[in-house]
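Okay, start_6.tsv now, which holds TSV, C-alpha atoms:
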```tsv
chain	number	residue	atom	x	y	z
A	1	MET	CA	20.45	-7.87	-17.81
A	2	ALA	CA	21.18	-9.94	-14.80
A	3	GLN	CA	22.63	-13.27	-15.83
A	4	ASN	CA	25.22	-12.84	-13.16
A	5	PRO	CA	23.55	-11.34	-10.14
A	6	THR	CA	25.97	-10.41	-7.43
A	7	LYS	CA	25.69	-11.94	-4.05
A	8	SER	CA	26.08	-8.82	-2.04
A	9	THR	CA	22.99	-6.65	-2.49
A	10	ALA	CA	22.12	-6.93	1.17
A	11	LYS	CA	23.33	-9.09	3.92
A	12	SER	CA	19.89	-10.14	5.07
A	13	VAL	CA	19.09	-11.89	1.81
A	14	ALA	CA	22.59	-12.77	0.66
A	15	ALA	CA	21.93	-16.44	1.13
A	16	ASP	CA	18.83	-16.29	-1.05
A	17	ASN	CA	20.32	-14.43	-3.97
A	18	ARG	CA	22.54	-17.09	-5.38
A	19	PHE	CA	20.22	-18.43	-8.02
A	20	SER	CA	18.01	-15.42	-8.35
A	21	GLU	CA	16.75	-13.78	-11.50
A	22	ALA	CA	15.78	-10.15	-11.76
A	23	LEU	CA	13.70	-7.85	-13.92
A	24	GLU	CA	13.77	-4.11	-14.09
A	25	LEU	CA	11.40	-1.41	-15.28
A	26	ARG	CA	11.98	2.31	-15.55
A	27	ILE	CA	8.92	4.54	-15.55
A	28	PRO	CA	8.51	8.30	-15.79
A	29	ALA	CA	7.83	9.59	-12.28
A	30	ARG	CA	4.14	10.06	-12.96
A	31	ALA	CA	1.14	8.51	-11.27
A	32	GLU	CA	-0.46	7.15	-14.41
A	33	TRP	CA	2.34	4.57	-14.73
A	34	VAL	CA	1.83	3.00	-11.33
A	35	ARG	CA	-0.93	0.76	-12.67
A	36	VAL	CA	1.52	-0.76	-15.13
A	37	VAL	CA	3.90	-1.46	-12.27
A	38	ARG	CA	1.09	-3.15	-10.35
A	39	LEU	CA	0.27	-5.38	-13.28
A	40	ALA	CA	3.91	-6.34	-13.79
A	41	THR	CA	4.24	-7.02	-10.09
A	42	ALA	CA	1.29	-9.40	-10.21
A	43	GLY	CA	2.98	-11.37	-12.96
A	44	VAL	CA	6.33	-11.62	-11.22
A	45	ALA	CA	4.81	-12.42	-7.81
A	46	SER	CA	2.74	-15.15	-9.40
A	47	ARG	CA	5.85	-16.59	-10.96
A	48	ALA	CA	7.53	-16.46	-7.54
A	49	GLY	CA	4.85	-18.78	-6.23
A	50	PHE	CA	2.62	-16.48	-4.22
A	51	ALA	CA	-1.09	-17.10	-3.82
A	52	TYR	CA	-3.77	-14.58	-4.77
A	53	ASP	CA	-4.06	-12.66	-1.50
A	54	ASP	CA	-0.30	-12.30	-1.14
A	55	ILE	CA	-0.05	-11.10	-4.73
A	56	GLU	CA	-2.63	-8.41	-4.02
A	57	ASP	CA	-0.70	-7.38	-0.91
A	58	ILE	CA	2.56	-7.15	-2.83
A	59	LYS	CA	0.91	-5.10	-5.58
A	60	LEU	CA	-0.35	-2.61	-3.02
A	61	ALA	CA	3.03	-2.36	-1.29
A	62	VAL	CA	4.78	-1.71	-4.59
A	63	ALA	CA	2.17	0.85	-5.62
A	64	GLU	CA	2.69	2.69	-2.34
A	65	ALA	CA	6.45	2.67	-2.81
A	66	CYS	CA	6.02	4.05	-6.33
A	67	ASN	CA	3.61	6.71	-5.09
A	68	ASN	CA	6.15	7.84	-2.52
A	69	ALA	CA	8.94	7.88	-5.08
A	70	ILE	CA	6.80	9.86	-7.54
A	71	LEU	CA	5.53	12.37	-5.01
A	72	HIS	CA	8.93	13.05	-3.53
A	73	SER	CA	11.11	12.84	-6.61
A	74	VAL	CA	13.13	15.90	-7.33
A	75	GLY	CA	11.27	17.80	-10.00
A	76	ALA	CA	7.93	16.17	-9.32
A	77	PRO	CA	5.10	18.58	-8.65
A	78	GLU	CA	4.56	18.40	-4.92
A	79	SER	CA	1.19	19.95	-4.44
A	80	GLU	CA	-2.18	18.96	-3.10
A	81	SER	CA	-3.15	17.36	-6.36
A	82	ALA	CA	0.28	16.04	-7.25
A	83	GLY	CA	0.17	13.21	-9.69
A	84	SER	CA	-3.45	13.59	-10.58
A	85	GLU	CA	-3.40	14.69	-14.15
A	86	SER	CA	0.26	15.40	-14.46
A	87	THR	CA	1.20	17.54	-17.38
A	88	PRO	CA	3.59	15.96	-19.85
A	89	ASP	CA	6.51	18.10	-18.76
A	90	ALA	CA	5.74	17.85	-15.06
A	91	SER	CA	8.80	15.82	-14.41
A	92	ALA	CA	11.62	14.21	-16.29
A	93	ALA	CA	12.42	12.08	-13.27
A	94	ILE	CA	12.53	8.32	-13.52
A	95	VAL	CA	11.48	5.71	-11.01
A	96	THR	CA	13.09	2.30	-11.30
A	97	ILE	CA	11.42	-0.86	-10.12
A	98	ARG	CA	13.43	-4.03	-9.75
A	99	TRP	CA	11.93	-7.42	-9.02
A	100	GLN	CA	14.26	-10.09	-7.81
A	101	LEU	CA	13.12	-13.66	-7.51
A	102	LEU	CA	14.46	-15.35	-4.42
A	103	GLU	CA	14.53	-19.02	-3.71
A	104	ASN	CA	11.61	-18.58	-1.35
A	105	GLY	CA	10.07	-15.27	-2.22
A	106	ILE	CA	10.55	-11.95	-3.89
A	107	ARG	CA	12.54	-8.80	-3.26
A	108	ILE	CA	11.34	-5.61	-4.88
A	109	SER	CA	13.33	-2.40	-4.96
A	110	VAL	CA	11.87	0.96	-5.90
A	111	SER	CA	14.37	3.72	-6.58
A	112	ASP	CA	14.02	7.37	-7.36
A	113	GLU	CA	16.67	9.69	-8.65
A	114	GLY	CA	16.78	12.01	-5.72
A	115	ARG	CA	14.49	13.50	-3.18
A	116	LEU	CA	14.07	16.93	-1.81
A	117	ASP	CA	13.47	15.38	1.58
A	118	PRO	CA	15.67	12.32	1.53
A	119	PRO	CA	16.19	9.86	4.29
A	120	GLY	CA	13.75	7.89	6.28
A	121	LEU	CA	10.59	8.91	4.43
A	122	ARG	CA	8.72	11.53	6.33
A	123	ARG	CA	6.73	9.51	8.71
A	124	ARG	CA	3.50	10.74	10.13
A	125	ASP	CA	2.28	8.68	12.99
A	126	GLY	CA	-1.42	9.32	12.54
A	127	SER	CA	-2.55	5.99	11.26
A	128	THR	CA	-0.19	4.10	13.52
A	129	ARG	CA	-1.95	5.79	16.40
A	130	VAL	CA	-5.33	4.82	15.05
A	131	ALA	CA	-4.20	1.26	14.76
A	132	ARG	CA	-2.82	1.25	18.27
A	133	GLU	CA	-5.52	3.09	20.12
A	134	GLY	CA	-8.52	1.94	18.16
A	135	LYS	CA	-10.07	5.32	17.62
A	136	LEU	CA	-9.18	8.93	17.14
A	137	PRO	CA	-11.55	11.86	16.93
A	138	THR	CA	-12.63	12.30	13.33
A	139	GLU	CA	-10.83	15.60	12.97
A	140	GLU	CA	-7.53	13.93	13.87
A	141	LEU	CA	-7.77	11.04	11.44
A	142	PRO	CA	-4.84	10.93	9.02
A	143	GLU	CA	-5.38	11.84	5.38
A	144	SER	CA	-1.86	11.10	4.22
A	145	GLY	CA	1.40	9.57	5.31
A	146	MET	CA	-0.03	6.06	5.51
A	147	GLY	CA	2.02	4.56	2.69
A	148	LEU	CA	5.00	3.35	4.64
A	149	LEU	CA	2.77	1.88	7.33
A	150	LEU	CA	1.02	-0.12	4.65
A	151	ILE	CA	4.26	-1.29	3.10
A	152	GLU	CA	5.61	-2.42	6.44
A	153	SER	CA	2.41	-4.26	7.23
A	154	LEU	CA	2.25	-6.02	3.89
A	155	MET	CA	5.86	-7.06	3.41
A	156	ASP	CA	8.18	-9.13	5.60
A	157	GLU	CA	11.28	-6.94	5.42
A	158	VAL	CA	11.61	-3.30	4.45
A	159	GLU	CA	14.93	-1.50	4.15
A	160	HIS	CA	15.78	2.00	3.19
A	161	GLU	CA	18.83	3.12	1.33
A	162	THR	CA	19.87	6.66	0.57
A	163	GLY	CA	22.48	7.23	-2.11
A	164	ALA	CA	25.08	9.92	-2.58
A	165	HIS	CA	22.71	12.18	-4.51
A	166	ALA	CA	19.79	11.90	-2.10
A	167	ASP	CA	18.47	9.18	-4.35
A	168	THR	CA	16.41	6.77	-2.33
A	169	THR	CA	15.72	3.09	-2.70
A	170	LEU	CA	13.16	1.12	-0.77
A	171	HIS	CA	13.82	-2.61	-0.66
A	172	MET	CA	10.89	-4.84	0.20
A	173	THR	CA	11.08	-8.58	0.69
A	174	LYS	CA	8.27	-11.03	1.05
A	175	ARG	CA	8.59	-14.77	1.57
A	176	VAL	CA	6.27	-17.36	0.18
A	177	PRO	CA	4.49	-18.81	3.21
A	178	LEU	CA	5.81	-22.27	3.96
A	179	GLU	CA	2.46	-23.96	3.46
A	180	ASN	CA	2.52	-22.66	-0.13
A	181	SER	CA	6.02	-23.74	-0.91
A	182	ALA	CA	5.59	-27.48	-0.89
A	183	SER	CA	8.04	-29.44	1.20
A	184	GLU	CA	10.60	-26.71	1.66
A	185	ASN	CA	12.56	-27.32	4.82
A	186	PRO	CA	13.60	-24.18	6.68
A	187	ALA	CA	16.59	-25.98	8.11
A	188	SER	CA	18.16	-26.50	4.71
A	189	GLN	CA	17.85	-22.80	3.91
A	190	LYS	CA	19.50	-21.78	7.11
A	191	SER	CA	22.38	-24.19	6.75
A	192	ALA	CA	22.92	-22.84	3.24
A	193	ALA	CA	24.06	-19.52	4.69
A	194	PRO	CA	27.77	-18.99	4.14
A	195	LYS	CA	28.57	-19.13	7.80
A	196	PRO	CA	30.20	-21.67	10.02
A	197	SER	CA	27.41	-23.81	11.37
A	198	HIS	CA	28.15	-23.05	15.00
A	199	SER	CA	27.17	-19.40	14.44
A	200	ALA	CA	23.59	-20.45	13.84
A	201	THR	CA	23.05	-20.20	17.55
A	202	ALA	CA	23.91	-16.49	17.49
A	203	LYS	CA	20.55	-15.66	15.94
A	204	PRO	CA	17.84	-17.52	17.77
A	205	ASP	CA	14.81	-18.35	15.69
A	206	PRO	CA	11.72	-19.61	17.47
A	207	ASP	CA	10.72	-21.57	14.39
A	208	ALA	CA	14.05	-23.24	13.89
A	209	PRO	CA	14.14	-26.97	14.41
A	210	VAL	CA	15.90	-27.95	17.58
A	211	THR	CA	18.67	-29.64	15.63
A	212	LEU	CA	19.90	-26.22	14.57
A	213	GLY	CA	20.28	-24.88	18.08
A	214	ALA	CA	22.88	-25.62	20.69
A	215	PRO	CA	23.32	-29.25	21.59
A	216	ARG	CA	20.72	-30.25	24.11
A	217	THR	CA	23.12	-32.06	26.31
A	218	SER	CA	22.49	-31.51	29.95
A	219	ARG	CA	25.50	-31.48	32.11
B	1	MET	CA	-9.77	1.80	-17.65
B	2	LYS	CA	-10.36	5.26	-16.32
B	3	THR	CA	-12.06	5.57	-12.98
B	4	GLN	CA	-15.70	6.58	-13.43
B	5	LEU	CA	-17.77	8.66	-11.05
B	6	ARG	CA	-21.55	8.98	-11.09
B	7	THR	CA	-23.50	10.96	-8.53
B	8	TYR	CA	-27.25	10.55	-8.05
B	9	GLU	CA	-29.84	11.08	-5.37
B	10	ASP	CA	-31.41	8.27	-3.41
B	11	SER	CA	-33.77	8.78	-0.45
B	12	GLY	CA	-32.39	12.22	0.23
B	13	ALA	CA	-28.75	11.14	0.08
B	14	GLN	CA	-26.19	11.89	-2.58
B	15	VAL	CA	-24.75	8.60	-3.74
B	16	VAL	CA	-21.34	8.81	-5.37
B	17	GLU	CA	-20.82	5.61	-7.28
B	18	ILE	CA	-17.21	4.89	-8.11
B	19	GLN	CA	-16.19	2.39	-10.77
B	20	GLY	CA	-12.51	1.60	-10.90
B	21	ASP	CA	-9.43	1.98	-8.78
B	22	ILE	CA	-9.01	4.79	-6.28
B	23	GLU	CA	-5.31	5.53	-6.46
B	24	LEU	CA	-2.89	8.40	-6.64
B	25	HIS	CA	-3.57	8.91	-10.32
B	26	CYS	CA	-7.28	9.64	-9.94
B	27	ALA	CA	-7.27	10.84	-6.33
B	28	ALA	CA	-7.78	14.48	-7.25
B	29	GLN	CA	-10.80	13.64	-9.40
B	30	VAL	CA	-12.46	11.68	-6.60
B	31	ARG	CA	-11.47	14.21	-3.96
B	32	GLU	CA	-13.01	17.01	-5.97
B	33	GLU	CA	-16.33	15.25	-6.44
B	34	LEU	CA	-16.60	14.24	-2.78
B	35	ARG	CA	-15.68	17.74	-1.74
B	36	ARG	CA	-18.40	19.17	-3.94
B	37	VAL	CA	-21.03	16.86	-2.42
B	38	CYS	CA	-19.85	17.04	1.19
B	39	GLU	CA	-19.39	20.78	1.30
B	40	GLU	CA	-23.10	21.39	1.27
B	41	LYS	CA	-24.54	22.11	4.67
B	42	GLY	CA	-26.03	18.95	6.15
B	43	ALA	CA	-25.24	16.91	3.06
B	44	ARG	CA	-25.68	13.17	3.25
B	45	CYS	CA	-23.02	11.55	1.13
B	46	ILE	CA	-22.73	7.84	0.47
B	47	VAL	CA	-19.88	6.41	-1.53
B	48	ASP	CA	-20.88	3.23	-3.32
B	49	MET	CA	-17.63	1.28	-3.47
B	50	SER	CA	-18.90	-2.02	-4.84
B	51	GLY	CA	-17.17	-1.25	-8.14
B	52	VAL	CA	-13.78	-0.44	-6.61
B	53	PRO	CA	-11.34	-3.37	-6.75
B	54	PHE	CA	-8.29	-1.45	-5.53
B	55	ILE	CA	-7.57	1.44	-3.23
B	56	ASP	CA	-4.22	2.81	-2.10
B	57	SER	CA	-3.42	4.98	0.90
B	58	THR	CA	-4.01	8.10	-1.15
B	59	GLY	CA	-7.56	6.90	-1.81
B	60	VAL	CA	-8.09	6.12	1.86
B	61	GLY	CA	-6.94	9.66	2.64
B	62	VAL	CA	-9.48	11.06	0.20
B	63	LEU	CA	-12.30	9.20	1.95
B	64	VAL	CA	-11.09	10.38	5.36
B	65	GLY	CA	-11.03	13.93	4.03
B	66	ALA	CA	-14.61	13.61	2.83
B	67	LEU	CA	-15.71	12.24	6.21
B	68	LYS	CA	-14.12	15.20	7.97
B	69	ARG	CA	-15.68	17.68	5.58
B	70	ALA	CA	-19.15	16.17	6.01
B	71	ARG	CA	-18.77	16.34	9.77
B	72	GLU	CA	-17.73	19.97	9.60
B	73	GLN	CA	-20.93	20.67	7.69
B	74	ASP	CA	-23.04	18.67	10.17
B	75	GLY	CA	-23.61	16.23	7.38
B	76	MET	CA	-23.32	12.50	7.08
B	77	PHE	CA	-20.81	10.41	5.20
B	78	ALA	CA	-20.89	6.66	4.68
B	79	ILE	CA	-19.16	4.03	2.63
B	80	ALA	CA	-21.28	1.29	1.11
B	81	ASN	CA	-20.28	-2.23	0.15
B	82	PRO	CA	-16.48	-2.15	-0.07
B	83	GLN	CA	-14.89	-5.25	-1.59
B	84	PRO	CA	-12.81	-7.46	0.72
B	85	ARG	CA	-9.50	-6.15	-0.64
B	86	VAL	CA	-10.54	-2.57	-0.02
B	87	ARG	CA	-11.80	-3.45	3.44
B	88	ARG	CA	-8.42	-4.97	4.16
B	89	VAL	CA	-6.69	-1.69	3.34
B	90	PHE	CA	-9.01	0.13	5.76
B	91	GLU	CA	-8.08	-2.46	8.33
B	92	ILE	CA	-4.32	-2.19	7.90
B	93	THR	CA	-4.39	1.58	8.04
B	94	GLY	CA	-6.32	1.28	11.29
B	95	LEU	CA	-9.33	3.10	9.87
B	96	LEU	CA	-11.82	0.26	9.69
B	97	GLY	CA	-13.42	1.33	12.96
B	98	ALA	CA	-13.22	5.03	12.18
B	99	LEU	CA	-14.92	4.98	8.79
B	100	PRO	CA	-18.69	4.44	8.70
B	101	ILE	CA	-18.97	1.34	6.53
B	102	TYR	CA	-22.15	-0.47	5.57
B	103	ASP	CA	-22.47	-3.79	3.81
B	104	THR	CA	-25.06	-2.59	1.34
B	105	LEU	CA	-26.10	0.65	-0.25
B	106	ALA	CA	-29.60	0.21	1.20
B	107	LEU	CA	-28.25	-0.02	4.75
B	108	ALA	CA	-26.12	3.06	4.21
B	109	THR	CA	-29.06	5.00	2.84
B	110	GLN	CA	-31.28	3.97	5.75
B	111	SER	CA	-28.66	4.93	8.29
B	112	GLY	CA	-28.38	8.31	6.68
B	113	ALA	CA	-32.13	8.85	6.71
B	114	ASN	CA	-32.72	7.64	10.24
B	115	ALA	CA	-29.72	8.49	12.29
B	116	GLN	CA	-27.60	11.35	11.16
B	117	HIS	CA	-25.42	10.93	14.21
B	118	ALA	CA	-24.67	7.31	13.35
B	119	ILE	CA	-21.25	8.33	12.17
B	120	ARG	CA	-20.26	9.70	15.54
```

Translate this structure into structure tokens?
Amino acid sequence: MAQNPTKSTAKSVAADNRFSEALELRIPARAEWVRVVRLATAGVASRAGFAYDDIEDIKLAVAEACNNAILHSVGAPESESAGSESTPDASAAIVTIRWQLLENGIRISVSDEGRLDPPGLRRRDGSTRVAREGKLPTEELPESGMGLLLIESLMDEVEHETGAHADTTLHMTKRVPLENSASENPASQKSAAPKPSHSATAKPDPDAPVTLGAPRTSR
Amino acid sequence: MKTQLRTYEDSGAQVVEIQGDIELHCAAQVREELRRVCEEKGARCIVDMSGVPFIDSTGVGVLVGALKRAREQDGMFAIANPQPRVRRVFEITGLLGALPIYDTLALATQSGANAQHAIR
């Protein structure tokens, strides 16, 4: 139920949240449910105005976030074959997925109920190195730990939040590309931020129209 | 919509044809089959991915594991005909250049027959 979404979920999107609507799904922390999350994500992302390729990207990012939540949830079987054919009593943990429609995109939050290895997601740099250096010897190629790299590549903003009980939420935001979103003017979105207009200069944006910046008066 | 695996021989190579998503849920099943094929000394393993519309990073890891295993056994491992979405995931993970990928099954089979070191 979210008829009255609060404005203050995160400062970076506060300006976008005002008229947003949200959906939520709670799944058992088991791999066989991730497909359902992907399908739901496709529906919501489509409604948010994304085109096919972006929808596929968002689905993958959300699936990766769910995988991480499932694999690292307290009580989940963390073994080589974790999540494969999970037994019914493998875990009573719940993963919650929340889709929030923004004026110009979507924000998806994936929460678990607590991790054994909470903050910052264990990050292995293997695939980042491959991406940077072009090639690694075969024996050094990464076999895991690529999820967060994918999420960060596919989404525009990714934030991490760790709660009091080591519960972790990953927030992911993606904007509808401007060419998709009709005649949306970025200037109007920026001026909608609840800030005095002169502070707009504090955060330079290369794409911002010149009218938003400091007056171009030469002395 | 369970992921289906079928393994058959073609021109001296073991072709593992996968139909369906390669994701966390079925990763163990795929990993096990590829391990079985690639663990044989000098095995030539080709994964036919034309029927795979979706792969996640777990699935990519399974393929990397199979490549490593084949190399350890002086064998050959190749991926045939991945769909554009799957190719994109290889690209983002930085593995597009590291995985031996062929546009068609025939090309993969030929490469395996002619040049075992093509994967190096």

Can you tell me, as a compact mmCIF listing (two decimals) with C-alpha atoms, keeping the file's coordinate frame, what residues are no more than 8 Å from Leu5 in chain B when counting only C-alpha atoms, ignoring any on the same chain fewer than 2 positions away?
```txt
# COMPACT_ATOMS: atom_id res chain seq x y z
CA THR B 3 -12.06 5.57 -12.98
CA THR B 7 -23.50 10.96 -8.53
CA VAL B 16 -21.34 8.81 -5.37
CA GLU B 17 -20.82 5.61 -7.28
CA ILE B 18 -17.21 4.89 -8.11
CA GLN B 19 -16.19 2.39 -10.77
CA VAL B 30 -12.46 11.68 -6.60
```

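The closest residue to chain B, picked from A:Ile55, A:Leu150, A:Ala45, A:Ala40 and counting all atoms listed in the file, is A:Leu150.
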
**Prompt:** Taking only C-alpha atoms into account, which of A:Ala48, A:Val34, A:Ala164, A:Leu71 comes nearest Leu101 in chain A?
**Reply:**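 Looking only at the distances to Leu101 in chain A, the closest residue turns out to be A:Ala48.
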
**Prompt:** Which of these residues is nearest to Val15 in chain B, using all atoms listed in the file: B:Asp48, B:Glu33, B:Asp56, B:Glu72?
**Reply:**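 Distance minimum relative to Val15 in chain B lands on B:Asp48.
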
**Asked** Can you list, as a list in words, every protein, DNA or RNA residue that comes within 10 Å of Thr173 in chain A when you count all atoms listed in the file, leaving out same-chain residues fewer than 2 positions away?
**Response**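 Listed by chain and then number, they are Ser12, Val13, Ile58, Trp99, Gln100, Leu101, Leu102, Gly105, Ile106, Arg107, Ile108, Ser109, Leu154, Met155, Asp156, Glu157, Val158, Glu159, His171 and Arg175 of chain A.
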
**Request:** Restrict the distance test to all atoms listed in the file, flag each residue of chain B within 10 Å of chain A, and return the flagged residues as a PyMOL selection string.
**Result:** chain B and resi 21+23-29+31-32+54-69+71-72+85+88-89+91-99+119-120

**Request:** Just give me the gap between CA of Lys174 in chain A and CA of Arg47 in chain A in Å, one decimal is fine.
**Result:**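 These two atoms are separated by 13.5 Å.
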
Because some atoms of range 58-71 of chain B are absent here, can you restore N, CA, C and O atoms and send them as a short mmCIF file (atom, residue, chain, number, x, y, z; two decimals), in the frame of the given file?
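Done, and the output landed in out.cif:
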```cif
data_model
loop_
_atom_site.label_atom_id
_atom_site.label_comp_id
_atom_site.auth_asym_id
_atom_site.auth_seq_id
_atom_site.Cartn_x
_atom_site.Cartn_y
_atom_site.Cartn_z
N THR B 58 -3.53 6.80 -0.70
CA THR B 58 -4.01 8.10 -1.15
C THR B 58 -5.54 8.11 -1.20
O THR B 58 -6.19 9.06 -0.77
N GLY B 59 -6.10 7.02 -1.72
CA GLY B 59 -7.56 6.90 -1.81
C GLY B 59 -8.20 6.87 -0.44
O GLY B 59 -9.25 7.50 -0.22
N VAL B 60 -7.57 6.15 0.49
CA VAL B 60 -8.09 6.12 1.86
C VAL B 60 -8.10 7.54 2.43
O VAL B 60 -9.06 7.97 3.06
N GLY B 61 -7.02 8.28 2.16
CA GLY B 61 -6.94 9.66 2.64
C GLY B 61 -8.04 10.53 2.07
O GLY B 61 -8.60 11.39 2.77
N VAL B 62 -8.40 10.29 0.82
CA VAL B 62 -9.48 11.06 0.20
C VAL B 62 -10.81 10.80 0.91
O VAL B 62 -11.58 11.73 1.19
N LEU B 63 -11.06 9.53 1.25
CA LEU B 63 -12.30 9.20 1.95
C LEU B 63 -12.32 9.82 3.35
O LEU B 63 -13.34 10.35 3.80
N VAL B 64 -11.18 9.76 4.03
CA VAL B 64 -11.09 10.38 5.36
C VAL B 64 -11.36 11.88 5.26
O VAL B 64 -12.09 12.46 6.08
N GLY B 65 -10.81 12.49 4.23
CA GLY B 65 -11.03 13.93 4.03
C GLY B 65 -12.50 14.25 3.83
O GLY B 65 -13.02 15.23 4.37
N ALA B 66 -13.18 13.39 3.08
CA ALA B 66 -14.61 13.61 2.83
C ALA B 66 -15.41 13.44 4.12
O ALA B 66 -16.34 14.21 4.40
N LEU B 67 -15.04 12.45 4.92
CA LEU B 67 -15.71 12.24 6.21
C LEU B 67 -15.57 13.49 7.08
O LEU B 67 -16.55 13.98 7.66
N LYS B 68 -14.36 14.02 7.15
CA LYS B 68 -14.12 15.20 7.97
C LYS B 68 -14.95 16.39 7.48
O LYS B 68 -15.57 17.11 8.26
N ARG B 69 -14.97 16.55 6.17
CA ARG B 69 -15.68 17.68 5.58
C ARG B 69 -17.19 17.57 5.88
O ARG B 69 -17.82 18.55 6.26
N ALA B 70 -17.72 16.36 5.73
CA ALA B 70 -19.15 16.17 6.01
C ALA B 70 -19.46 16.49 7.47
O ALA B 70 -20.46 17.13 7.79
N ARG B 71 -18.56 16.05 8.35
CA ARG B 71 -18.77 16.34 9.77
C ARG B 71 -18.75 17.83 10.05
O ARG B 71 -19.55 18.34 10.83
#
```
